[in-house]
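K.L.:
Could you have a look at this structure, given as structure tokens, before my questions?
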Amino acid sequence: MTKFVRLIDQKRCMGCRACAAACAAENYFTPEAPWNSMLEYEVGDYPKVKKIYNTMNCMHCEKPSCKAACDSVGAKAISKNQFGVVLIDYNKCIGCGYCAAVCPYGVPHLNTAVKALYPGKGKNGAETIANADRHPTHRKKAKTAEKCTFCTHKLEQAVADGKTDRIGKDQAYTPSCDLVCPTQARLFGDIDDPNSEVSKRIQATNATQLRKQFGTDPQVYYVLEEGAKS
Amino acid sequence: MELSRRGFLKSMGAAGGVAASGVSLDVIAKAAAKAKTSNKDGGRAREVRHLKSGCAICPNFCGIDATVVNGIVRTIYPDAARAEFYNHGICPKGASGMYNVYDPYRLKKPLKRTNPKKGRNEDPGWIEISWEEAFNEIAVRMARIHAYNPSKLIWQHGQGKYLIGENFCKAFTKAFGTPNMSHRTTACEAARHVADELTFANHGILPDLKHSKLLLNFGANYHEGEQASRWLDWQTVMSREQNAMKVVVVEPRLSGCAAKADEWVPVRPGKDPVMLLAMAKVLIDDGTIDEPFLVEYTNAPQLVDASGAIAKDKDGKTPLVWDTVTGAAKPYVAGVKPALKGSYTVEGKPMRTAFQVLADSVKDITPQQAEEVAGVPAATVVRLARLFAKEARIGETIVIDGKKLRYRPAALYTFRGLSAKEHGVQGWRAGLVLNMLVGSPDAVGGLILSKANKTPKYFDVSVCEYPPKRADLAQSVFYPYSNHHIAQTSNLTVQDPKAWGLAYQPEMQIFYGTNRPVSIPNSSLQFDGLAKTYNVVIDVLVTELAMYADIVLPDKTYLESWHFAPTRSTPEAGHSAIRQPMTNPFNLEHDAFSIMWELMKRLNLRDKFAEECNKAWGLKEVKFKPGRDYTTREGVEVIWSDKTRKDFSVALEQGFVGKKKSVKSKYLDGVESAFKGPGKPKMKLYADQLIDTYYKVEEIAKKNGLTKVDLVRYKEAYAPLPTVAHAYPTPHREAKDYPFYVITHKRMYRNQAGFTANNALLNQAIGADAATNYVQLNVATAAQLGVKSGDIVTIETRVGKINGTAEAVQGIRPDTIAVSYHYGRWGAGYSPDAKKGIAINEVLEYHPDLISGHNSFNDTKCKLYKA
């Protein structure tokens, strides 16, 4: 089997948000719906203070509450594929917002409209690329939920190219947020392979998940900085 | 909690995985493969190009790997091949750098001003003109100046230095015949460079982090700032994880580096010299100093007379030491064993060794005094000094690649923390003194210096030029060791050249890739100067500076142009690189190189420019030839060919060629070969050239009646050793009713003062707090003032007032407020997002360092209250 997970090492993370910027460039960011967010917070009191940098995209949970909510309203727009990736079908989404309401991690966002990066200034850069030339997950729609896809367009390309063993290793087949980190705080790979880098590091660092109490079994693991909330 | 694969599978509730209710990947993959090769689903055929290039947004010059799809730059990743030589990743600015290109607010055509009045509230009345008209107007004016007095032209650049290469700017101004070229380093870290130069006759330092056990970081903030950051970030993280390196950050606010450190020591702004001198006292009193290093590599044993000058032999040049063998003053030659400490009488005159002068000068600077002045507990000062000495492992050696090397794995480091100050040179000199006391320079794990003694003139008395020839007064009597130009003074001297002894009235300024006035404290003084000259601005946006231009010329961004790129080296490796264009969506015809070339042609100086290019670039075999034109690409090919001796196809395919440094070049070609032992020049523990230069300044000032030279301040500034006085910049002494210290800092989400401010991804995609800045104050202070986060507060300095949004944090001293740069833009070329926040430089006091001309960014004091 193949199950993709991510490891984010808060001890290495310096909070630069390159991951968030890379995601935005890769995935045709629209102003109301970031797919990758940074939570920064202080722990301690002056002068014994540290800062925690907690970056979050979709957790691609094993028991996704977003999918449960979507199924319960009958839209059935959210699925989880055999790689573990949780995806929203924009054509089925009814824009009810329940997925955003129930996600313990605040991941799904709804575009009220597909807004321009530069209001009143037409289309710029990737905005000029027509939907027909984009992967389905990049065909943004108004009143539609969207979120991180583990850069599924790259994973699919790996399958098409017969290079699934290069997922998490080659830039063409690895989520962009995991490529750009200046301190190598992020790893992506197959947790079903005990010899993968991500499996070994999760084991070695005793990495954990955030907000486990919600029971969604997230597939993004964290090495927590001292004092960080989980 | 323990996480095992079995436990993970169990939690999934099924042996093979959760049933996927979505479309199978095989189906998707087939569709993906089909879409790649046909356009039957309505999409265009995709032309995909991958290009290796270099980022030029900031001075890291990271290697990048860009993907261009149907002509659009879609993604920018780090160049994986560059990781071995420099960057493992890229920052958010680099990852979203395509939106510096796809910015609808960019300049596309030359603009001409029709409103002759220049002022903050003046509408320039721009009209678009053709390139021909622009070149003609500029060239006619330049020709007139060239015929009359070329010095009347000033060229200034900022990040532009890194876009086409400063050597072209040097060649341009040299060919024209003006001495007036200045870049921006006195808005950045010039004082650190000058402290280096006074100490080891070259500049540039990096801690040898791969082998360090302790990094004592006084205010370098590479997790949010720039130079060498992409290596420092990564290596700090790795060394902490894999080599048990400890990091202590000393600075007033919880910077990005402090947030990740083992210990944050919140020192009072500007008071670091007192803390450092108290630490020196602890080391000297404890005897934990590297005596052999001090004797053999530095001028610590040289004899200092009562005037503070180094005693010289009969030749008037060779310094004297006290020879413990013969009991006499001698030059340090073979057979002489210099005394490190003590007082001696030489020809009836009392002398002390330079080390003794240092020891005597710090004997009363106690940790208790450091506590009172710098706000750091005395016990912490003592503990850090002893930790530094302990981790330095004085006397130890290590064998690497069969070579026995000095092993001192403790480095004290800074970037702007110690240097962006009125006494910035002395601030870093204090840091260098501590490094020398434990013998860390060029030792394994210590502070690696750029090639020691490369420019011996920095050990000499300054030229102290008067009258000054340069409008920026560099290396004049006013700023004798301003070795790196002075960014801000041209806009001041143009307002009253006679007051500075400048023999001419500058008439014209060309600005390239800089937003000078907003980068300088007390920005209004800069704007006033801009109103006095005919200004040409080459940039990508109508910045605040461009609002004062007579002609604005659009430049290409770093993704649209060719360049023989500057690169950053690390202690481990160096590389040569190019930048190559990957798009030109606005069909821009020119970049700054082709603008320069065209102007030189119209002035009949083209061949002279080519000759000066050869000199400026140091080209040996492959050169610019006279009698022909060069496109920007052709120029890059010439330089690449000469510098690398490799085919240009290598540059196009790989973007760079790299080289690992040998153990010899890293550790043995620096201080070991330049300074060690008898008969060699010495690195300066005691910067005697400063006191010699003071005497020269005094003579010139008195002879010429220079009212602008306050000799009391110069004497204090030009001390050969740092003193307590250097912890008292002018605002600390004078702004008595202003209780708070204001400090400034960089942030990761914008660079400098202009061209990243419109980037839609940086402003909207990575967090609302990235699009604006805040007035950071301590939570306790906020409570006392009745201020909550989000309230509008007024910062009032002796310069003026500015309102900003408060952010109450634990991570800052209660007596300090911090506001970042980069925000609060108002030029016509900015998007609404770029205008958020405040431009703190507007209200900072202007007190440049008298040694280097470096601006003081962290010395102002203020009142703070709810608006």
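Just so we're on the same page: first chain in the structure tokens is A, next is B, and so on; residues restart at 1 for each chain, and ligands are numbered from 1 in the order they show up.
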Based on only C-alpha atoms, which of the residues in chain A come within 6 Å of chain B? I want them as a list in words.
P.N.:
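That gives Arg12, Arg17, Ala18, Ala20, Ala21, Ala22, Pro34, Asp45, Tyr46, Lys50, Lys51, Ser79, Lys80, Asn81, Gln82, Leu117, Asn124, Gly125, Ala132, Asp133, Glu156, Val159, Ala160, Val180, Cys181, Pro182 and Thr183 of chain A for chain A.
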K.L.:
Give me, as an MDAnalysis selection string, all polymer residues having an atom no more than 10 Å from region 187-192 of chain A, counting only C-alpha atoms and skipping those fewer than 2 positions away in the same chain.
P.N.:
(chainID A and resid 1:9 83 150 164:169 174:175 177:179 181 184:185 194:202 219:221) or (chainID B and resid 5 8:9)
K.L.:
Need to verify the contact set: Asp401 (chain B), 10 Å, only C-alpha atoms, exclusion of same-chain residues closer than 6 positions in sequence. Can you return it as a list in words?
P.N.:
Ser662, Val663 and Lys664 of chain B
K.L.:
Residues of region 518-742 of chain B in alpha helix (DSSP H) according to DSSP, as JSON, numbers by chain?
P.N.:
{"B": [523, 524, 525, 526, 527, 528, 529, 530, 592, 593, 594, 595, 596, 597, 598, 599, 600, 601, 602, 606, 607, 608, 609, 610, 611, 612, 613, 614, 615, 616, 617, 632, 633, 634, 635, 636, 637, 638, 639, 640, 641, 642, 643, 644, 648, 649, 650, 651, 652, 653, 654, 663, 671, 672, 673, 674, 688, 689, 690, 691, 692, 693, 694, 695, 696, 697, 698, 699, 700, 701, 702, 703, 704, 711, 712, 713, 714, 715, 716, 717, 730, 731, 732, 733, 734]}
K.L.:
Excluding region 138-145 of chain B and its own-chain neighbours fewer than 3 positions away, which residues fall within 7 Å of it when counting only C-alpha atoms? Please give them as a ChimeraX atom specification.
P.N.:
/B:134-135,148-150,152,599,602-603
K.L.:
Report, in Å with one decimal, the straight-line distance from CA of Met508 (chain B) to CA of Thr533 (chain B).
P.N.:
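Going from CA of Met508 (chain B) over to CA of Thr533 (chain B) covers 5.2 Å.
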K.L.:
Using only C-alpha atoms, determine which residues lie at most 12 Å from Gly529 (chain B), disregarding the query and same-chain residues fewer than 3 positions distant; provide the list as a ChimeraX atom specification.
P.N.:
/B:118-119,471,488-497,505-509,516-517,523-526,532-535,545,548
K.L.:
So that I have them on file, write out the residues from the current selection with N, CA and C atoms, as an mmCIF file, in the first residue's frame.
P.N.:
data_model
loop_
_atom_site.group_PDB
_atom_site.id
_atom_site.type_symbol
_atom_site.label_atom_id
_atom_site.label_comp_id
_atom_site.auth_asym_id
_atom_site.auth_seq_id
_atom_site.Cartn_x
_atom_site.Cartn_y
_atom_site.Cartn_z
ATOM 1 N N LYS B 118 8.893 69.911 -7.108
ATOM 2 C CA LYS B 118 9.084 68.599 -6.502
ATOM 3 C C LYS B 118 8.765 68.682 -5.020
ATOM 4 N N GLY B 119 7.934 67.804 -4.559
ATOM 5 C CA GLY B 119 7.579 67.789 -3.152
ATOM 6 C C GLY B 119 6.719 66.583 -2.877
ATOM 7 N N ALA B 471 30.622 63.949 -3.631
ATOM 8 C CA ALA B 471 29.435 64.544 -3.012
ATOM 9 C C ALA B 471 28.998 63.760 -1.791
ATOM 10 N N GLN B 488 23.680 58.253 2.138
ATOM 11 C CA GLN B 488 22.712 59.315 2.393
ATOM 12 C C GLN B 488 23.256 60.731 2.241
ATOM 13 N N THR B 489 24.566 60.893 2.204
ATOM 14 C CA THR B 489 25.103 62.253 2.305
ATOM 15 C C THR B 489 24.959 63.061 1.026
ATOM 16 N N SER B 490 24.928 62.430 -0.127
ATOM 17 C CA SER B 490 24.791 63.216 -1.360
ATOM 18 C C SER B 490 23.547 64.088 -1.319
ATOM 19 N N ASN B 491 22.436 63.525 -0.845
ATOM 20 C CA ASN B 491 21.207 64.316 -0.797
ATOM 21 C C ASN B 491 21.270 65.440 0.239
ATOM 22 N N LEU B 492 22.292 65.415 1.074
ATOM 23 C CA LEU B 492 22.464 66.501 2.048
ATOM 24 C C LEU B 492 23.453 67.534 1.501
ATOM 25 N N THR B 493 24.543 67.070 0.909
ATOM 26 C CA THR B 493 25.532 68.036 0.418
ATOM 27 C C THR B 493 24.986 68.840 -0.746
ATOM 28 N N VAL B 494 24.094 68.245 -1.547
ATOM 29 C CA VAL B 494 23.574 69.021 -2.684
ATOM 30 C C VAL B 494 22.778 70.237 -2.205
ATOM 31 N N GLN B 495 22.342 70.189 -0.964
ATOM 32 C CA GLN B 495 21.547 71.312 -0.444
ATOM 33 C C GLN B 495 22.437 72.504 -0.081
ATOM 34 N N ASP B 496 23.718 72.238 0.236
ATOM 35 C CA ASP B 496 24.619 73.334 0.614
ATOM 36 C C ASP B 496 26.067 72.848 0.468
ATOM 37 N N PRO B 497 26.514 72.681 -0.772
ATOM 38 C CA PRO B 497 27.849 72.092 -0.977
ATOM 39 C C PRO B 497 28.961 72.910 -0.316
ATOM 40 N N GLN B 505 28.460 72.456 -7.442
ATOM 41 C CA GLN B 505 27.069 72.179 -7.118
ATOM 42 C C GLN B 505 26.617 71.003 -7.992
ATOM 43 N N PRO B 506 26.405 69.818 -7.401
ATOM 44 C CA PRO B 506 25.907 68.714 -8.231
ATOM 45 C C PRO B 506 24.590 69.102 -8.884
ATOM 46 N N GLU B 507 24.419 68.653 -10.114
ATOM 47 C CA GLU B 507 23.226 69.051 -10.870
ATOM 48 C C GLU B 507 22.289 67.914 -11.183
ATOM 49 N N MET B 508 22.871 66.728 -11.328
ATOM 50 C CA MET B 508 22.064 65.623 -11.861
ATOM 51 C C MET B 508 22.352 64.365 -11.065
ATOM 52 N N GLN B 509 21.316 63.598 -10.808
ATOM 53 C CA GLN B 509 21.497 62.315 -10.150
ATOM 54 C C GLN B 509 20.798 61.241 -10.966
ATOM 55 N N ARG B 516 16.100 55.404 -2.163
ATOM 56 C CA ARG B 516 17.002 55.955 -1.169
ATOM 57 C C ARG B 516 16.358 56.682 -0.005
ATOM 58 N N PRO B 517 15.481 57.687 -0.250
ATOM 59 C CA PRO B 517 15.056 58.497 0.900
ATOM 60 C C PRO B 517 14.327 57.704 1.969
ATOM 61 N N SER B 523 13.813 60.722 6.921
ATOM 62 C CA SER B 523 13.682 60.695 5.461
ATOM 63 C C SER B 523 13.464 62.073 4.847
ATOM 64 N N SER B 524 12.823 62.962 5.566
ATOM 65 C CA SER B 524 12.541 64.298 5.004
ATOM 66 C C SER B 524 13.803 65.007 4.547
ATOM 67 N N LEU B 525 14.896 64.814 5.290
ATOM 68 C CA LEU B 525 16.153 65.464 4.895
ATOM 69 C C LEU B 525 16.582 64.988 3.510
ATOM 70 N N GLN B 526 16.323 63.722 3.211
ATOM 71 C CA GLN B 526 16.673 63.157 1.909
ATOM 72 C C GLN B 526 15.790 63.738 0.819
ATOM 73 N N LYS B 532 16.632 69.304 -5.307
ATOM 74 C CA LYS B 532 17.666 70.229 -5.800
ATOM 75 C C LYS B 532 18.325 69.788 -7.102
ATOM 76 N N THR B 533 18.089 68.521 -7.498
ATOM 77 C CA THR B 533 18.813 68.028 -8.668
ATOM 78 C C THR B 533 17.853 67.535 -9.736
ATOM 79 N N TYR B 534 18.365 67.448 -10.961
ATOM 80 C CA TYR B 534 17.640 66.812 -12.066
ATOM 81 C C TYR B 534 17.844 65.320 -11.881
ATOM 82 N N ASN B 535 16.742 64.588 -11.766
ATOM 83 C CA ASN B 535 16.839 63.192 -11.366
ATOM 84 C C ASN B 535 16.332 62.243 -12.429
ATOM 85 N N LEU B 545 11.010 57.718 -4.232
ATOM 86 C CA LEU B 545 12.130 58.400 -4.885
ATOM 87 C C LEU B 545 11.732 58.845 -6.281
ATOM 88 N N TYR B 548 10.157 62.109 -7.252
ATOM 89 C CA TYR B 548 10.997 63.295 -7.390
ATOM 90 C C TYR B 548 11.833 63.270 -8.669
#
K.L.:
Would you give me, as a list in words, the residues in region 91-187 of chain A that DSSP reads as strand (DSSP E or B)?
P.N.:
His109, Leu110, Asn111, Thr144, Ala145, Glu146, Arg186 and Leu187 of chain A
K.L.:
Write a file of the selected residues as an mmCIF file, in the first residue's frame, keeping N, CA and C atoms.
P.N.:
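What ended up in out_33.cif:
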data_model
loop_
_atom_site.group_PDB
_atom_site.id
_atom_site.type_symbol
_atom_site.label_atom_id
_atom_site.label_comp_id
_atom_site.auth_asym_id
_atom_site.auth_seq_id
_atom_site.Cartn_x
_atom_site.Cartn_y
_atom_site.Cartn_z
ATOM 1 N N HIS A 109 -11.654 26.535 3.014
ATOM 2 C CA HIS A 109 -12.100 27.928 2.885
ATOM 3 C C HIS A 109 -13.062 28.011 1.723
ATOM 4 N N LEU A 110 -14.034 28.915 1.844
ATOM 5 C CA LEU A 110 -14.935 29.126 0.719
ATOM 6 C C LEU A 110 -14.630 30.457 0.072
ATOM 7 N N ASN A 111 -14.529 30.458 -1.231
ATOM 8 C CA ASN A 111 -14.477 31.715 -1.977
ATOM 9 C C ASN A 111 -15.891 32.241 -2.103
ATOM 10 N N THR A 144 -17.551 27.999 -3.330
ATOM 11 C CA THR A 144 -17.084 26.614 -3.388
ATOM 12 C C THR A 144 -15.938 26.447 -2.421
ATOM 13 N N ALA A 145 -15.969 25.313 -1.700
ATOM 14 C CA ALA A 145 -14.891 25.061 -0.744
ATOM 15 C C ALA A 145 -13.646 24.596 -1.479
ATOM 16 N N GLU A 146 -12.492 24.976 -0.944
ATOM 17 C CA GLU A 146 -11.236 24.506 -1.520
ATOM 18 C C GLU A 146 -10.218 24.382 -0.405
ATOM 19 N N ARG A 186 10.440 20.174 6.499
ATOM 20 C CA ARG A 186 9.274 19.437 6.005
ATOM 21 C C ARG A 186 9.717 18.233 5.192
ATOM 22 N N LEU A 187 8.995 17.146 5.411
ATOM 23 C CA LEU A 187 9.237 15.930 4.637
ATOM 24 C C LEU A 187 7.904 15.403 4.145
#
K.L.:
Applying 8 Å and only C-alpha atoms, which residues near Leu216 (chain B) remain after dropping the ones on its own chain fewer than 3 positions away? List them as a PDB file with N, CA and C atoms, in the first residue's frame.
P.N.:
ATOM      1  N   VAL B 247      22.987  28.130  20.917  1.00  0.00           N
ATOM      2  CA  VAL B 247      22.853  29.477  20.370  1.00  0.00           C
ATOM      3  C   VAL B 247      22.312  30.390  21.448  1.00  0.00           C
ATOM      4  N   VAL B 248      23.025  31.487  21.679  1.00  0.00           N
ATOM      5  CA  VAL B 248      22.546  32.518  22.598  1.00  0.00           C
ATOM      6  C   VAL B 248      22.381  33.787  21.771  1.00  0.00           C
ATOM      7  N   VAL B 249      21.208  34.380  21.818  1.00  0.00           N
ATOM      8  CA  VAL B 249      20.954  35.609  21.054  1.00  0.00           C
ATOM      9  C   VAL B 249      20.783  36.764  22.018  1.00  0.00           C
ATOM     10  N   VAL B 250      21.599  37.790  21.802  1.00  0.00           N
ATOM     11  CA  VAL B 250      21.548  38.988  22.644  1.00  0.00           C
ATOM     12  C   VAL B 250      20.971  40.096  21.804  1.00  0.00           C
ATOM     13  N   PHE B 388      31.530  31.453  26.900  1.00  0.00           N
ATOM     14  CA  PHE B 388      32.264  31.754  25.666  1.00  0.00           C
ATOM     15  C   PHE B 388      33.698  31.255  25.777  1.00  0.00           C
ATOM     16  N   ALA B 410      33.858  28.524  19.302  1.00  0.00           N
ATOM     17  CA  ALA B 410      32.928  29.523  19.836  1.00  0.00           C
ATOM     18  C   ALA B 410      33.092  30.776  18.993  1.00  0.00           C
ATOM     19  N   ALA B 411      31.993  31.294  18.496  1.00  0.00           N
ATOM     20  CA  ALA B 411      32.058  32.493  17.659  1.00  0.00           C
ATOM     21  C   ALA B 411      31.073  33.523  18.173  1.00  0.00           C
ATOM     22  N   LEU B 412      31.546  34.763  18.278  1.00  0.00           N
ATOM     23  CA  LEU B 412      30.673  35.872  18.613  1.00  0.00           C
ATOM     24  C   LEU B 412      30.407  36.609  17.311  1.00  0.00           C
ATOM     25  N   TYR B 413      29.160  36.807  16.985  1.00  0.00           N
ATOM     26  CA  TYR B 413      28.798  37.252  15.639  1.00  0.00           C
ATOM     27  C   TYR B 413      27.771  38.367  15.706  1.00  0.00           C
TER      28      TYR B 413
END
K.L.:
Within 6 Å of region 317-330 of chain B, counting only C-alpha atoms, which residues show up once you throw out same-chain ones fewer than 5 positions away? Write them as a PDB file with C-alpha atoms, in the first residue's frame, please.
P.N.:
ATOM      1  CA  PRO B 301      51.958  43.330  22.624  1.00  0.00           C
ATOM      2  CA  GLN B 302      52.753  46.575  20.767  1.00  0.00           C
ATOM      3  CA  LEU B 303      53.750  49.471  22.966  1.00  0.00           C
ATOM      4  CA  ALA B 311      55.504  53.474  19.524  1.00  0.00           C
ATOM      5  CA  LYS B 312      57.569  53.076  16.374  1.00  0.00           C
ATOM      6  CA  VAL B 336      62.098  38.414  20.158  1.00  0.00           C
ATOM      7  CA  LYS B 337      59.609  37.226  22.752  1.00  0.00           C
ATOM      8  CA  PRO B 338      57.041  40.034  23.186  1.00  0.00           C
ATOM      9  CA  ALA B 339      55.441  40.726  26.532  1.00  0.00           C
TER      10      ALA B 339
END
K.L.:
Closest to Arg49 (chain B) among B:Met582, B:Met351, B:Ala452, B:Val819, using only C-alpha atoms?
P.N.:
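Selected residue with least distance to Arg49 (chain B): B:Met582.
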K.L.:
Using only C-alpha atoms, which of the listed residues (B:Ala334, B:Leu652, B:Leu206, B:Leu541) sits closest to Ala220 (chain B)?
P.N.:
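Among B:Ala334, B:Leu652, B:Leu206, B:Leu541, it is B:Leu206 that comes nearest to Ala220 (chain B).
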